[in-house]
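Asker: This is the structure I want to talk about, given as C-alpha cells.
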Amino acid sequence: MSKPKAKQPDFLEPTRGPMLSARFVAALVLMILGIAWIAYYYVAVRVDPLGNDKPGGPGFMADLGGWNYVIGFVLLFAGLAVAAHPSTPLGRGRGVVVGMLGCFVIGLVWICTFYVFSNNIDAVPVFDDLGQKNLLVGVGFMAIGFVYATRWE
C-alpha cells in the first residue's frame, strides 16, 4: 500500500490565510499614499532652490513645508506596521522574514547613502530637503523591521 501524498497547502487555507485581506489592502493604500505624498510634494509643490520662487499648488501643502515629509513617511511607516499583522501575507510565514530583513536593509542603505553623499547631498532627490533628518528616516525603517521581528516564530 502506498503512502498518501502530503496535502499541498490550499490558497485559502486558514493557517496560510487569504492573500488579500482588508488589513492588507489598507496597508497597501497607506504605503502608496505615503510615497505619493512625498513624491507629489517634491515634484510639484515645493519651491525649487535653483529656480522658481513660487510654490506650486495646492496651497495647504505649500504651507506645510517640511512637514509634508513627516506626513508621507508616517503614512509609509504606518502601512508597513499594519502589514506586519498575521492576517496579511507579510505578517505570517516567510513574509515576516522578508519584511523584517527588507526594512533593515532599506534603513541601512538609506543611512549609508546619506553618509556617502553628505558632502554633495544636492545630487540625491528628497535627501537634499531632509538633511540630518535622513538619519531618522533610516532608523524609522529599522524600527519597523523590529515590528516584523516581534512577529517571527
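Every chain in the C-alpha cells takes a letter, A first, then B, and so on in the order presented; its residues are numbered from 1, and the ligands are numbered from 1 following the presented order.
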Would you please give, as an MDAnalysis selection string, all residues of range 91-132 of chain A that DSSP assigns to alpha helix (DSSP H) based on the backbone?

Answerer: chainID A and resid 94:116 127:130

Asker: Residues near range 75-79 of chain A, anyone? I mean within 7 Å using only C-alpha atoms, not counting same-chain ones fewer than 4 positions away, as a list in words.

Answerer: Ala27, Leu28, Leu30, Met31, Leu33, Gly34, Ile35, Ile71, Ala83 and Ile144 of chain A

Asker: Using only C-alpha atoms, which protein or nucleic acid residues come within 10 Å of range 117-128 of chain A? Drop anything in the same chain fewer than 3 positions from it, and give the result as number ranges by chain.

Answerer: A: 38-39, 41-43, 69, 110, 112-114, 131-134

Asker: Residues at most 9 Å from Arg92 in chain A, counting only C-alpha atoms, excluding those fewer than 3 positions away in the same chain, as a list in words?

Answerer: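 Non-adjacent residues within range: Arg16, Gly17, Ala84, His85, Pro86, Ser87, Thr88, Pro89, Gly95, Val96, Val97, Arg151, Trp152 and Glu153 of chain A.
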
Asker: Between CA of Phe73 in chain A and CA of Gly107 in chain A, what is the spacing in Å?

Answerer: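 Calculated distance between CA of Gly107 in chain A and CA of Phe73 in chain A is 12.6 Å.
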
Asker: Quick one: residues within 7 Å of Gly99 in chain A, only C-alpha atoms, excluding same-chain residues fewer than 4 positions away - as a PyMOL selection string?

Answerer: chain A and resi 90+95+103+145+148
